[in-house]
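See below for the structure under consideration.
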Amino acid sequence: MSIFSFSDECFSDIQILRYRLNGFHELTLKQKLLVYYLSEATLCGRDITFDQFGRNNLRIRKLLEAIYLHYQGDRNCKDFLDLEIYLKRVWFSNGIYHHYGCEKFTPAFSEEYLREVIGTLDVSVLPLYDHEDVEMLCAELFPVIFHPDVLPKRVNKTDGEDLVTTSACHFYEGVTQQEVETFYQEMKTAHVNDPEPPSFGLNSTVVKRDGRVEEDIWCLNGRYGAAIQQIIYWLEKALTVTENERQHQYISTLIDYYRTGDLQLFNRYCIEWVGEYEARIDFINGFIEVYGDPLGLKGSWEGIVEYKDLEATRRTQLISDNAQWFEDHSPVDPRFKKKEVKGVTAQVICAAMLGGDEYPSTAIGINLPNADRIRATYGSKSVTIGNLTEAYQKAAKGNGFKEEFVIDKETISLIEQYDDVCDDLHTDLHECLGHGSGQLLPTTDPDALKAYGNIIEEARADLFGLYYIADQKLIDLGLVPDQEAYKSQYYSYMMNGMLTQLTRIQPGHQVEEAHMRNRALIAHWCMEKGTSEQVMELVVKDGKTFLRINDYEKLRVLIASLLAEVQRIKSEGDYEAARVLVERYGVKVDARLHQEILTRYEQLHLAPYKGFLNPVMTPVRNEQGEITDITLDYTESYAQQMLRYSKDYGFL
């Protein structure tokens, strides 16, 4: 059976794919049950992510779903079809803000049309609060949906602005950036002597009540408690079929953390989780990545269930087995290197279920835990998600993209020969070695880089991978075939950072998303620093702009230099240097070049963003009601899946 297949669903700038669970039938019944129970827990947090990404998101989604399900008027007119696309975008992005660019969607239908449609519905199907009528509902939601100046951006990272009050994400209520930073600085000062301080603010909403700044904790008896109760239920079911005692222990600790919201318990969970690496089944479930918070403090809820691809993991095991060698030979200052790399594990996994901030759009590689002190002492886990990366690669075959944007046939041939293996390898190096490398100085606050922390960390990991993918060591390990292979990755990466990622940005906008800023930073810095020797350059052929790399070896030298500086910034917590580096190289967009790239890309009729539908898992029961198997179905449509999730997992 193929590891991937396409959905026939395309809308706006999005294409929906399906992924298959290769090897699932080979799992034991106990392992299948564990995957199933963890998958249910993964789906139960969906509404949390919607609410975190904007306080009005859940009500807007429920309003649009009510229209989609119950409207009896003309469903083929342009306004209704535009409304349907808008709803599909809301589903995809967990709210009304673009999942990548963070800007608010602009509806193609009018306020008048939406009001007219709502007026035809029975009020019992509308998401009305007690003592609220339709006019009050419209008065609250319409400005957010239609007015461009009302909560325009989910995450604002514009230098010099109050990033809290100008961001629409729902992590803060009635507080300013300065108040939040002062609140957490006082908290850190009170715990300055803790050997393993918690990730302050990771699981809470900061609110101001009666002039006092405080936290609403996300836990069973706090905010999001109704959804967390369901997550706990399925995690407790998972406890009955764990593969070993360590796995049982970290799931138990995760449950205790969800019950209490105690971040010291989350620390313990991370330590226990990173120490368990023998089980075939693993998962992530919780408030994890902080990219959705402009201050880089609050964890967006996410979930993913996975099982090892045993054959492909042999590749990543080679990397993790040699982690100390890579650390020792890194081109960074010896003060910032780990003397002893601990607990680095890397695996290729098969995704079995995606949820929250990992659904429908998901990462292709993950390295956790995020806490620097835990990573330094206990290590980290890295995964490359094999069945998703292969689906992306297959989707890109023969779509005309390389022919349009790569400078010549020789470079296209180079990319076609090596890019699949090098893409996977760069992801492995990024997650396993990049994020797992280096150390902070003992006096450095892990949050010292503030809004630039995520960008600098992603740049550090990317640079580490780029530096080593060109190393003879990888040839010696049998991970790349020859000394030419790395050039395909260098070209693809720099072309993306300089040119083709501009397809993901609207005209007139700057680069906003952390990973995009990271790639732009690296490419533009290398371009500028290599100008005198023309290491790489932009050239115009037949009226079109292309990247040309003239000296790949010198480009590697530049990458080494930038890696050393980025690691210094991270290790010393040099906020001002981080700000200057990001703002100078990672943010600005050349308007003329941007329009050219958009025009060329539009002619290819490609969707710049892709996401996935989950399989449907169904228990098979015998006459006694016992589960004897878990079946998989891949035929559910996008709308069917989203509506089913809203019905079955809509706990908030």
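Letters A, B, ... go to the chains of the structure tokens in the order shown; residues in each chain start at 1; ligands are counted from 1 in the same order.
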Enumerate, in order of chain and increasing residue number, the residues of region 478-585 of chain A with an atom no farther than 12 Å from region 153-158 of chain A, each with its shortest atom pair and distance in Å to one decimal, counting only C-alpha atoms, as JSON lines.
{"residue": "A:His509", "atom": "CA", "partner": "A:Thr158", "partner_atom": "CA", "distance": 11.5}
{"residue": "A:Gln510", "atom": "CA", "partner": "A:Thr158", "partner_atom": "CA", "distance": 9.5}
{"residue": "A:Val511", "atom": "CA", "partner": "A:Lys157", "partner_atom": "CA", "distance": 9.9}
{"residue": "A:Glu512", "atom": "CA", "partner": "A:Lys157", "partner_atom": "CA", "distance": 7.0}
{"residue": "A:Glu513", "atom": "CA", "partner": "A:Val155", "partner_atom": "CA", "distance": 8.7}
{"residue": "A:Ala514", "atom": "CA", "partner": "A:Lys157", "partner_atom": "CA", "distance": 9.4}
{"residue": "A:Arg517", "atom": "CA", "partner": "A:Lys157", "partner_atom": "CA", "distance": 11.0}
{"residue": "A:Arg579", "atom": "CA", "partner": "A:Thr158", "partner_atom": "CA", "distance": 10.9}
{"residue": "A:Val582", "atom": "CA", "partner": "A:Lys157", "partner_atom": "CA", "distance": 11.0}
{"residue": "A:Glu583", "atom": "CA", "partner": "A:Thr158", "partner_atom": "CA", "distance": 9.2}
### Task
For region 351-368 of chain A, work out the shell of residues within 6 Å, counting only C-alpha atoms and skipping chain neighbours fewer than 4 positions away, then give it as a ChimeraX atom specification.
/A:39,42-43,46,49,92,301-306,380-385,431,611-612
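With only C-alpha atoms taken into account, the protein and nucleic acid residues at most 7 Å from Lys30 (chain A) (excluding it and anything under 3 positions from it in its own chain) are Leu33, Leu34 and Val241 of chain A.
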Would you export the selected residues with N, CA and C atoms as a PDB file, in the first residue's frame, please?
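Generated file (part_15.pdb):
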ATOM      1  N   LEU A  33      -4.181  -0.560  20.592  1.00  0.00           N
ATOM      2  CA  LEU A  33      -5.052   0.066  21.594  1.00  0.00           C
ATOM      3  C   LEU A  33      -4.394   1.311  22.169  1.00  0.00           C
ATOM      4  N   LEU A  34      -3.099   1.243  22.417  1.00  0.00           N
ATOM      5  CA  LEU A  34      -2.391   2.408  22.939  1.00  0.00           C
ATOM      6  C   LEU A  34      -2.451   3.554  21.935  1.00  0.00           C
ATOM      7  N   VAL A 241      -2.582  -0.008  28.893  1.00  0.00           N
ATOM      8  CA  VAL A 241      -1.952  -0.772  27.812  1.00  0.00           C
ATOM      9  C   VAL A 241      -0.544  -0.244  27.494  1.00  0.00           C
TER      10      VAL A 241
END
Pairwise distance, CA of Arg460 (chain A) with CA of Leu440 (chain A), equals 12.9 Å
request  = Run DSSP on the backbone and give me the residues of region 452-648 of chain A it puts in strand (DSSP E or B), as an NGL selection string.
outcome  = :A and (536-541 or 544-549 or 609-613 or 616-621 or 627-633)
inquiry  = Show me, as a PyMOL selection string, the residues that have an atom within 12 Å of region 394-400 of chain A when counting only C-alpha atoms, minus same-chain residues fewer than 2 positions from it.
reply    = chain A and resi 2-7+15-19+387-392+402-406+412+415-416+419-420+600-611
Region 120-131 of chain A environment, 10 Å, only C-alpha atoms, sequence neighbours closer than 2 positions dropped, as JSON, numbers by chain
{"A": [58, 59, 60, 61, 62, 63, 64, 65, 66, 67, 69, 70, 71, 72, 73, 115, 116, 117, 118, 133, 134, 136, 137]}
Store the residues of this selection in a file with N, CA and C atoms, as an mmCIF file, in the first residue's frame.
data_model
loop_
_atom_site.group_PDB
_atom_site.id
_atom_site.type_symbol
_atom_site.label_atom_id
_atom_site.label_comp_id
_atom_site.auth_asym_id
_atom_site.auth_seq_id
_atom_site.Cartn_x
_atom_site.Cartn_y
_atom_site.Cartn_z
ATOM 1 N N LEU A 58 -13.847 30.298 18.562
ATOM 2 C CA LEU A 58 -14.801 29.203 18.758
ATOM 3 C C LEU A 58 -16.209 29.625 18.366
ATOM 4 N N ARG A 59 -16.607 30.818 18.770
ATOM 5 C CA ARG A 59 -17.967 31.272 18.438
ATOM 6 C C ARG A 59 -18.114 31.490 16.935
ATOM 7 N N ILE A 60 -17.088 32.036 16.306
ATOM 8 C CA ILE A 60 -17.147 32.233 14.855
ATOM 9 C C ILE A 60 -17.238 30.886 14.153
ATOM 10 N N ARG A 61 -16.431 29.920 14.570
ATOM 11 C CA ARG A 61 -16.487 28.592 13.946
ATOM 12 C C ARG A 61 -17.862 27.963 14.122
ATOM 13 N N LYS A 62 -18.400 28.034 15.326
ATOM 14 C CA LYS A 62 -19.706 27.423 15.581
ATOM 15 C C LYS A 62 -20.820 28.120 14.800
ATOM 16 N N LEU A 63 -20.715 29.431 14.646
ATOM 17 C CA LEU A 63 -21.701 30.165 13.854
ATOM 18 C C LEU A 63 -21.646 29.716 12.397
ATOM 19 N N LEU A 64 -20.437 29.646 11.842
ATOM 20 C CA LEU A 64 -20.295 29.247 10.445
ATOM 21 C C LEU A 64 -20.714 27.796 10.226
ATOM 22 N N GLU A 65 -20.413 26.936 11.181
ATOM 23 C CA GLU A 65 -20.833 25.537 11.068
ATOM 24 C C GLU A 65 -22.348 25.406 11.115
ATOM 25 N N ALA A 66 -22.995 26.230 11.936
ATOM 26 C CA ALA A 66 -24.459 26.207 11.989
ATOM 27 C C ALA A 66 -25.048 26.587 10.629
ATOM 28 N N ILE A 67 -24.452 27.589 9.996
ATOM 29 C CA ILE A 67 -24.909 27.980 8.662
ATOM 30 C C ILE A 67 -24.667 26.854 7.663
ATOM 31 N N LEU A 69 -24.458 23.716 8.088
ATOM 32 C CA LEU A 69 -25.297 22.536 8.329
ATOM 33 C C LEU A 69 -26.786 22.799 8.110
ATOM 34 N N HIS A 70 -27.240 24.014 8.361
ATOM 35 C CA HIS A 70 -28.690 24.236 8.459
ATOM 36 C C HIS A 70 -29.267 25.233 7.456
ATOM 37 N N TYR A 71 -28.433 25.950 6.741
ATOM 38 C CA TYR A 71 -28.971 26.942 5.812
ATOM 39 C C TYR A 71 -29.695 26.248 4.662
ATOM 40 N N GLN A 72 -30.923 26.677 4.389
ATOM 41 C CA GLN A 72 -31.760 26.039 3.376
ATOM 42 C C GLN A 72 -31.896 26.878 2.103
ATOM 43 N N GLY A 73 -31.187 27.990 2.023
ATOM 44 C CA GLY A 73 -31.278 28.840 0.847
ATOM 45 C C GLY A 73 -30.375 28.359 -0.279
ATOM 46 N N ARG A 115 -25.545 38.482 7.697
ATOM 47 C CA ARG A 115 -26.679 38.806 8.560
ATOM 48 C C ARG A 115 -27.973 38.207 7.994
ATOM 49 N N GLU A 116 -28.112 38.281 6.679
ATOM 50 C CA GLU A 116 -29.308 37.727 6.036
ATOM 51 C C GLU A 116 -29.395 36.217 6.253
ATOM 52 N N VAL A 117 -28.284 35.520 6.075
ATOM 53 C CA VAL A 117 -28.266 34.067 6.241
ATOM 54 C C VAL A 117 -28.563 33.682 7.690
ATOM 55 N N ILE A 118 -27.955 34.390 8.636
ATOM 56 C CA ILE A 118 -28.192 34.093 10.047
ATOM 57 C C ILE A 118 -29.666 34.255 10.372
ATOM 58 N N ASP A 133 -29.308 37.782 22.218
ATOM 59 C CA ASP A 133 -30.091 37.597 21.010
ATOM 60 C C ASP A 133 -29.176 37.682 19.788
ATOM 61 N N VAL A 134 -29.769 37.524 18.604
ATOM 62 C CA VAL A 134 -28.987 37.483 17.381
ATOM 63 C C VAL A 134 -28.264 38.805 17.143
ATOM 64 N N MET A 136 -27.105 40.901 19.300
ATOM 65 C CA MET A 136 -25.945 40.989 20.196
ATOM 66 C C MET A 136 -24.809 40.099 19.686
ATOM 67 N N LEU A 137 -25.161 38.938 19.163
ATOM 68 C CA LEU A 137 -24.160 38.043 18.594
ATOM 69 C C LEU A 137 -23.456 38.724 17.426
#
Q: Just the residues within 10 Å of region 570-577 of chain A, please, counting only C-alpha atoms, with nothing from its chain fewer than 3 positions along; format it as a ChimeraX atom specification.
A: /A:335-337,438-453,456-457,460,565-567,580-583
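Here CA of Ser252 (chain A) stands at a distance of 19.6 Å from CA of Lys32 (chain A).
Neighbours of region 202-214 of chain A closer than or equal to 8 Å, with only C-alpha atoms counted and sequence neighbours fewer than 4 positions away skipped, come out as His170, Phe171, Tyr172, Glu173, Gly174, Val175, Glu179, Val180, Phe183, Trp218, Gly261, Leu263, Phe287, Ile288, Val290, Leu297, Lys298 and Gly299 of chain A.
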Using only C-alpha atoms, the shortest atom-to-atom distance to Pro619 (chain A) among A:Val35, A:Ala461, A:Leu429, A:Ile319 belongs to A:Val35
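What separates CA of Pro148 (chain A) from CA of His98 (chain A) is a distance of 13.8 Å.
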* With only C-alpha atoms as the atoms that count, which of A:Leu425, A:Ile145, A:Leu643, A:Val192 lies nearest to Arg315 (chain A)? ->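 Once distances to Arg315 (chain A) are computed over only C-alpha atoms, the minimum belongs to A:Leu425.
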Counting only C-alpha atoms, give me one row per residue of region 415-511 of chain A with an atom at most 12 Å from an atom of region 525-538 of chain A, showing the shortest contact pair and its distance in Å to one decimal, sorted by chain then residue number, as CSV.
residue,atom,partner,partner_atom,distance
A:Ala459,CA,A:Trp525,CA,11.6
A:Leu463,CA,A:Cys526,CA,11.3
A:Tyr490,CA,A:Met536,CA,10.8
A:Tyr491,CA,A:Met536,CA,9.8
A:Tyr493,CA,A:Cys526,CA,11.7
A:Met494,CA,A:Cys526,CA,8.9
A:Met495,CA,A:Leu538,CA,9.7
A:Gly497,CA,A:Trp525,CA,10.4
A:Met498,CA,A:Met527,CA,8.9
A:Leu499,CA,A:Leu538,CA,9.5
- Taking the chain letters and numbering used in this document, name the residues of region 268-491 of chain A that DSSP puts in helix (DSSP H, G or I), as a ChimeraX atom specification. /A:268-274,310-321,323-328,334-336,372-378,386-396,401-405,409-434,450-469,472-476,485-491
Would you write out those residues with C-alpha atoms, as an mmCIF file, in the first residue's frame?
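Okay, again-v3.cif is ready:
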data_model
loop_
_atom_site.group_PDB
_atom_site.id
_atom_site.type_symbol
_atom_site.label_atom_id
_atom_site.label_comp_id
_atom_site.auth_asym_id
_atom_site.auth_seq_id
_atom_site.Cartn_x
_atom_site.Cartn_y
_atom_site.Cartn_z
ATOM 1 C CA ARG A 268 9.285 15.939 35.939
ATOM 2 C CA TYR A 269 7.146 14.683 33.062
ATOM 3 C CA CYS A 270 9.688 16.035 30.525
ATOM 4 C CA ILE A 271 12.550 14.309 32.349
ATOM 5 C CA GLU A 272 10.675 11.007 32.529
ATOM 6 C CA TRP A 273 9.511 11.287 28.918
ATOM 7 C CA VAL A 274 12.957 12.023 27.484
ATOM 8 C CA LEU A 310 12.256 0.718 12.609
ATOM 9 C CA GLU A 311 14.091 0.566 9.294
ATOM 10 C CA ALA A 312 14.418 4.320 8.728
ATOM 11 C CA THR A 313 15.410 4.909 12.357
ATOM 12 C CA ARG A 314 18.719 3.198 11.678
ATOM 13 C CA ARG A 315 19.704 6.376 9.770
ATOM 14 C CA THR A 316 18.924 8.730 12.614
ATOM 15 C CA GLN A 317 20.520 6.396 15.134
ATOM 16 C CA LEU A 318 23.849 6.891 13.344
ATOM 17 C CA ILE A 319 23.502 10.631 13.868
ATOM 18 C CA SER A 320 22.604 10.431 17.553
ATOM 19 C CA ASP A 321 25.372 7.882 18.207
ATOM 20 C CA ALA A 323 26.357 13.497 18.634
ATOM 21 C CA GLN A 324 29.468 14.163 20.729
ATOM 22 C CA TRP A 325 31.682 14.209 17.641
ATOM 23 C CA PHE A 326 29.466 16.792 15.970
ATOM 24 C CA GLU A 327 29.397 18.918 19.134
ATOM 25 C CA ASP A 328 33.181 18.781 19.520
ATOM 26 C CA PRO A 334 34.375 26.313 22.943
ATOM 27 C CA ARG A 335 32.689 28.129 25.846
ATOM 28 C CA PHE A 336 29.318 27.447 24.226
ATOM 29 C CA ASP A 372 17.311 24.409 28.068
ATOM 30 C CA ARG A 373 18.312 23.208 31.514
ATOM 31 C CA ILE A 374 16.461 19.917 31.129
ATOM 32 C CA ARG A 375 17.994 19.400 27.691
ATOM 33 C CA ALA A 376 21.479 20.098 29.007
ATOM 34 C CA THR A 377 21.142 17.642 31.885
ATOM 35 C CA TYR A 378 18.857 14.918 30.555
ATOM 36 C CA GLY A 386 8.640 9.883 7.686
ATOM 37 C CA ASN A 387 5.152 9.292 6.311
ATOM 38 C CA LEU A 388 4.468 13.042 6.160
ATOM 39 C CA THR A 389 7.793 14.045 4.583
ATOM 40 C CA GLU A 390 7.350 11.427 1.902
ATOM 41 C CA ALA A 391 3.847 12.700 1.182
ATOM 42 C CA TYR A 392 5.209 16.223 0.741
ATOM 43 C CA GLN A 393 7.978 14.969 -1.533
ATOM 44 C CA LYS A 394 5.583 12.997 -3.712
ATOM 45 C CA ALA A 395 3.230 15.968 -3.965
ATOM 46 C CA ALA A 396 6.077 18.103 -5.322
ATOM 47 C CA PHE A 401 8.188 24.428 -9.501
ATOM 48 C CA LYS A 402 11.879 23.625 -10.021
ATOM 49 C CA GLU A 403 11.679 24.362 -13.723
ATOM 50 C CA GLU A 404 10.302 27.819 -12.953
ATOM 51 C CA PHE A 405 12.624 28.882 -10.138
ATOM 52 C CA LYS A 409 19.093 22.310 -15.972
ATOM 53 C CA GLU A 410 22.322 21.266 -14.279
ATOM 54 C CA THR A 411 21.115 22.521 -10.906
ATOM 55 C CA ILE A 412 17.685 20.961 -11.451
ATOM 56 C CA SER A 413 19.417 17.641 -12.146
ATOM 57 C CA LEU A 414 21.493 18.042 -8.967
ATOM 58 C CA ILE A 415 18.355 18.671 -6.907
ATOM 59 C CA GLU A 416 16.430 15.787 -8.446
ATOM 60 C CA GLN A 417 19.321 13.423 -7.733
ATOM 61 C CA TYR A 418 19.968 14.395 -4.129
ATOM 62 C CA ASP A 419 17.195 16.539 -2.693
ATOM 63 C CA ASP A 420 15.007 13.835 -1.147
ATOM 64 C CA VAL A 421 17.842 12.308 0.863
ATOM 65 C CA CYS A 422 19.274 15.709 1.764
ATOM 66 C CA ASP A 423 15.916 17.149 2.824
ATOM 67 C CA ASP A 424 15.375 14.285 5.244
ATOM 68 C CA LEU A 425 18.959 14.488 6.453
ATOM 69 C CA HIS A 426 18.818 18.239 7.050
ATOM 70 C CA THR A 427 15.653 17.730 9.093
ATOM 71 C CA ASP A 428 17.422 15.031 11.126
ATOM 72 C CA LEU A 429 20.461 17.247 11.695
ATOM 73 C CA HIS A 430 18.263 20.237 12.558
ATOM 74 C CA GLU A 431 16.161 18.392 15.114
ATOM 75 C CA CYS A 432 18.650 15.972 16.627
ATOM 76 C CA LEU A 433 21.922 17.895 16.593
ATOM 77 C CA GLY A 434 20.957 21.518 15.956
ATOM 78 C CA LYS A 450 12.295 37.645 24.224
ATOM 79 C CA ALA A 451 10.387 37.954 20.927
ATOM 80 C CA TYR A 452 13.505 37.010 18.939
ATOM 81 C CA GLY A 453 14.195 33.806 20.856
ATOM 82 C CA ASN A 454 12.259 31.465 18.562
ATOM 83 C CA ILE A 455 13.837 32.893 15.417
ATOM 84 C CA ILE A 456 17.385 32.673 16.758
ATOM 85 C CA GLU A 457 16.801 29.096 17.940
ATOM 86 C CA GLU A 458 15.473 27.991 14.547
ATOM 87 C CA ALA A 459 18.372 29.733 12.792
ATOM 88 C CA ARG A 460 20.822 27.977 15.109
ATOM 89 C CA ALA A 461 19.355 24.553 14.324
ATOM 90 C CA ASP A 462 19.158 25.215 10.571
ATOM 91 C CA LEU A 463 22.728 26.497 10.437
ATOM 92 C CA PHE A 464 24.002 23.482 12.348
ATOM 93 C CA GLY A 465 22.318 21.193 9.835
ATOM 94 C CA LEU A 466 23.556 23.184 6.847
ATOM 95 C CA TYR A 467 27.128 23.217 8.140
ATOM 96 C CA TYR A 468 27.299 19.488 8.751
ATOM 97 C CA ILE A 469 25.393 18.281 5.698
ATOM 98 C CA GLN A 472 33.030 14.471 5.085
ATOM 99 C CA LYS A 473 31.784 12.801 8.270
ATOM 100 C CA LEU A 474 28.382 12.213 6.688
ATOM 101 C CA ILE A 475 29.986 10.500 3.717
ATOM 102 C CA ASP A 476 32.051 8.360 6.094
ATOM 103 C CA ALA A 485 25.055 15.922 -2.522
ATOM 104 C CA TYR A 486 25.082 18.823 -0.056
ATOM 105 C CA LYS A 487 24.975 21.350 -2.898
ATOM 106 C CA SER A 488 21.358 20.422 -3.638
ATOM 107 C CA GLN A 489 20.366 21.360 -0.094
ATOM 108 C CA TYR A 490 22.392 24.578 -0.134
ATOM 109 C CA TYR A 491 20.751 25.695 -3.359
#
- Message: My list of candidates is A:Ala139, A:Leu613, A:Gly101, A:Gly119. Which is closest to Thr635 (chain A) when distances are computed with only C-alpha atoms?
- Response: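 When distances to Thr635 (chain A) are compared using only C-alpha atoms, the smallest one comes from A:Leu613.
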From the list A:Thr28, A:Ser561, A:Ser646, A:Ser110, the nearest residue to Asp333 (chain A) using only C-alpha atoms is A:Ser561
Could you check the closest approach to Thr545 (chain A) for each of A:His594, A:Arg75, A:Lys188, A:Arg644 and tell me which residue wins, using only C-alpha atoms?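 Using only C-alpha atoms, the shortest distance to Thr545 (chain A) belongs to A:His594.
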